[in-house]
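Worksheet for the structure shown next.
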Amino acid sequence: MSYFVSGDPALPRAAHADFTLALMGGGGIVDAAYAAIAVHGGRGHIVILRAVADDSFDPQDGDLGTTFMTAWGPVVCAETIVFHHREASFDPRVIAALRAADGIFLAGGDQGNYIRYWKGTPVQEALNAHVLAGRPIGGSSAGLAILGHYSYTRLDGESMESKTALANPYHAGVTIENDFLHLRWLECVITDTHFSKRSRLGRLIVFVARINQDHPADKVFGIGVDEKTALLVGADGVGRIAAGSAGAPG
């Protein structure tokens, strides 16, 4: 586990936080989406999570914390935790940070690492408890891919292409999780990322069709988010394109 901190984690958490979802497509930063996590988190304690499949150490992984402290905040503190293995998901320091978080952001990378490292651990429990308590959470790219009740896990290490999924909806690479995160307003949703840039409409259609065939009562639908675009969903369940998103008016 690698750990970066900006600010003082010992300071009191925010007096009040509001629920919001920041669904970011990756491929570029939308400042308003990160600011929404900071503001709805009461400008308190922000926790940023990443996961990698090796022991690589990149100081740039801590940069988001600095920006949360300045441009997107200010916030009381921003802690970045980089998971290198599943064992870190049982570390008391990690769980304490998540339980004290006023806002959480899940970074990009490989969503398969998130599933492998977090499912069935106290991290999974803490993330679901955070949202149940009405606090904000957001994710970009791989971080967005796991926010829906249903998620494409990429557990085979390959990124499913639309042409492959459409040719064979039962391809072994169509790996879908349905018991990981349980977020308000995303109970019957599967998300997808880098949507137009990587031509993912076809595969999202396959994901939705497969899920609705296996779980017809849920009537699942998909949300695809383009690069440098963010969808903000408030406590009222209404989604709004964040200011500064690609193609957003004004």
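Naming works like this for the structure tokens: A, B, ... for the chains as they're shown, residue 1 at the start of each chain, ligands 1 onward in shown order.
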Exercise: Gly244 in chain A partners within 10 Å, only C-alpha atoms, chain neighbours under 6 positions left out, as a VMD selection string
chain A and resid 29 to 33 228 to 230 250
What parts of range 177-248 of chain A does DSSP call strand (DSSP E or B)? I'd like the answer as a list in words.
Glu177, Val189, Ile190, Thr191, Asp192, Phe221, Gly222, Ile223, Gly224, Ala230, Leu231, Leu232, Val233, Gly234, Gly239, Arg240 and Ile241 of chain A
Need to verify the contact set: Ser89 in chain A, 9 Å, only C-alpha atoms, exclusion of same-chain residues closer than 3 positions in sequence. Can you return it as a ChimeraX atom specification?
/A:83,85-86,92,94-95,117-118,121-124
Output for the residues just chosen: C-alpha atoms as a PDB file, in the first residue's frame:
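As a result, again35.pdb now contains:
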ATOM      1  CA  PHE A  83      -3.637  -0.615  -3.195  1.00  0.00           C
ATOM      2  CA  HIS A  85      -2.624  -6.195  -3.130  1.00  0.00           C
ATOM      3  CA  ARG A  86      -5.762  -7.484  -1.410  1.00  0.00           C
ATOM      4  CA  PRO A  92      -7.060  -0.863  10.056  1.00  0.00           C
ATOM      5  CA  VAL A  94      -7.304   2.112   5.505  1.00  0.00           C
ATOM      6  CA  ILE A  95     -10.655   1.300   7.051  1.00  0.00           C
ATOM      7  CA  TYR A 117      -8.779  -6.415  -3.976  1.00  0.00           C
ATOM      8  CA  TRP A 118     -11.992  -5.114  -2.396  1.00  0.00           C
ATOM      9  CA  THR A 121     -13.435  -7.092   2.440  1.00  0.00           C
ATOM     10  CA  PRO A 122     -13.982  -4.243   4.918  1.00  0.00           C
ATOM     11  CA  VAL A 123     -13.279  -1.791   2.056  1.00  0.00           C
ATOM     12  CA  GLN A 124     -16.405  -2.964   0.240  1.00  0.00           C
TER      13      GLN A 124
END
Using the chain letters and numbers from this document, which residues of range 4-250 of chain A does DSSP assign to alpha helix (DSSP H), as number ranges by chain?
A: 31-40, 63-69, 92-99, 111-118, 122-132, 142-145, 162-167, 201-214
How close does each residue of range 120-183 of chain A get to range 111-115 of chain A, giving the shortest atom pair and distance in Å to one decimal for every residue with an atom at most 8 Å away, counting only C-alpha atoms, sorted by chain and residue number, as CSV?
residue,atom,partner,partner_atom,distance
A:Ala142,CA,A:Gln111,CA,4.7
A:Gly143,CA,A:Gln111,CA,6.7
A:Ala145,CA,A:Gln111,CA,6.7
A:Ile146,CA,A:Gln111,CA,6.7
A:Thr153,CA,A:Gly112,CA,5.2
A:Arg154,CA,A:Gly112,CA,5.3
A:Leu155,CA,A:Gly112,CA,4.9
A:Gly157,CA,A:Gly112,CA,7.4
A:Phe180,CA,A:Ile115,CA,7.8
Generate the output file for the selected residues, N, CA and C atoms, as a JSON list (two decimals), in the first residue's frame.
[["chain", "number", "residue", "atom", "x", "y", "z"],
["A", 142, "ALA", "N", -12.06, 3.60, -14.72],
["A", 142, "ALA", "CA", -12.28, 2.36, -13.97],
["A", 142, "ALA", "C", -13.07, 2.61, -12.70],
["A", 143, "GLY", "N", -12.86, 3.78, -12.08],
["A", 143, "GLY", "CA", -13.61, 4.11, -10.88],
["A", 143, "GLY", "C", -15.09, 4.26, -11.15],
["A", 145, "ALA", "N", -16.58, 2.62, -13.67],
["A", 145, "ALA", "CA", -17.04, 1.32, -14.15],
["A", 145, "ALA", "C", -17.62, 0.45, -13.05],
["A", 146, "ILE", "N", -17.20, 0.67, -11.80],
["A", 146, "ILE", "CA", -17.68, -0.19, -10.71],
["A", 146, "ILE", "C", -18.77, 0.46, -9.87],
["A", 153, "THR", "N", -16.40, -6.11, -15.26],
["A", 153, "THR", "CA", -15.25, -6.24, -14.36],
["A", 153, "THR", "C", -13.90, -6.34, -15.04],
["A", 154, "ARG", "N", -13.87, -6.71, -16.34],
["A", 154, "ARG", "CA", -12.59, -6.84, -17.04],
["A", 154, "ARG", "C", -11.65, -7.80, -16.32],
["A", 155, "LEU", "N", -12.19, -8.85, -15.73],
["A", 155, "LEU", "CA", -11.38, -9.76, -14.92],
["A", 155, "LEU", "C", -10.43, -10.62, -15.76],
["A", 157, "GLY", "N", -8.48, -9.38, -17.93],
["A", 157, "GLY", "CA", -7.34, -8.55, -18.26],
["A", 157, "GLY", "C", -7.41, -7.89, -19.62],
["A", 180, "PHE", "N", -21.45, -5.93, -5.64],
["A", 180, "PHE", "CA", -20.27, -5.22, -5.14],
["A", 180, "PHE", "C", -20.67, -3.91, -4.48]]
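Here the question is which of A:Leu21, A:Ala101, A:Ala53, A:Ile205 gets nearest to Val82 in chain A using only C-alpha atoms, and that residue is A:Ala53.
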Hey, what's within 8 Å of Leu186 in chain A if we count only C-alpha atoms and toss same-chain stuff fewer than 4 positions away? As a PyMOL selection string, please?
chain A and resi 147-149+182+190
Neighbour list for range 129-131 of chain A as a ChimeraX atom specification, cut-off 9 Å, only C-alpha atoms, skip fewer than 4 positions in-chain:
/A:19-20,98-99,101-104,124-125,135-137,182-184
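In this model, the gap between CA of Gly247 in chain A and CA of Ala35 in chain A comes to 19.2 Å.
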Range 164-169 of chain A: which residues within 12 Å, counting only C-alpha atoms, same-chain residues fewer than 5 positions away excluded, as a PyMOL selection string?
chain A and resi 158-159+174-176+199-211+213
Expected file: the selected residues, C-alpha atoms, as a PDB file, in the first residue's frame:
ATOM      1  CA  GLU A 158      -8.632  -7.577 -21.702  1.00  0.00           C
ATOM      2  CA  SER A 159     -10.904  -4.668 -22.582  1.00  0.00           C
ATOM      3  CA  VAL A 174     -18.269 -10.467 -20.939  1.00  0.00           C
ATOM      4  CA  THR A 175     -17.719 -10.599 -17.170  1.00  0.00           C
ATOM      5  CA  ILE A 176     -20.363  -8.790 -15.123  1.00  0.00           C
ATOM      6  CA  SER A 199     -16.874   3.056 -29.594  1.00  0.00           C
ATOM      7  CA  ARG A 200     -18.466   1.314 -26.614  1.00  0.00           C
ATOM      8  CA  LEU A 201     -22.152   1.626 -27.507  1.00  0.00           C
ATOM      9  CA  GLY A 202     -22.200  -1.897 -28.925  1.00  0.00           C
ATOM     10  CA  ARG A 203     -20.722  -3.534 -25.876  1.00  0.00           C
ATOM     11  CA  LEU A 204     -22.974  -1.580 -23.520  1.00  0.00           C
ATOM     12  CA  ILE A 205     -25.999  -2.821 -25.477  1.00  0.00           C
ATOM     13  CA  VAL A 206     -24.713  -6.370 -24.985  1.00  0.00           C
ATOM     14  CA  PHE A 207     -24.100  -5.821 -21.266  1.00  0.00           C
ATOM     15  CA  VAL A 208     -27.630  -4.480 -20.771  1.00  0.00           C
ATOM     16  CA  ALA A 209     -29.203  -7.262 -22.836  1.00  0.00           C
ATOM     17  CA  ARG A 210     -27.322  -9.959 -20.955  1.00  0.00           C
ATOM     18  CA  ILE A 211     -28.266  -8.524 -17.562  1.00  0.00           C
ATOM     19  CA  GLN A 213     -32.079 -11.631 -19.698  1.00  0.00           C
TER      20      GLN A 213
END
Of the residues A:Leu23, A:Ala133, A:Val220, A:Met160, which is the one nearest to Cys188 in chain A, using only C-alpha atoms?
A:Val220
Distance query Arg50 in chain A at most 8 Å, only C-alpha atoms, self and fewer than 5 positions along chain excluded, as a list in words
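Near Arg50 in chain A, the qualifying residues are Thr80, Ile81, Val82, Phe83, Leu106, Ala107, Gly108 and Gly109 of chain A.
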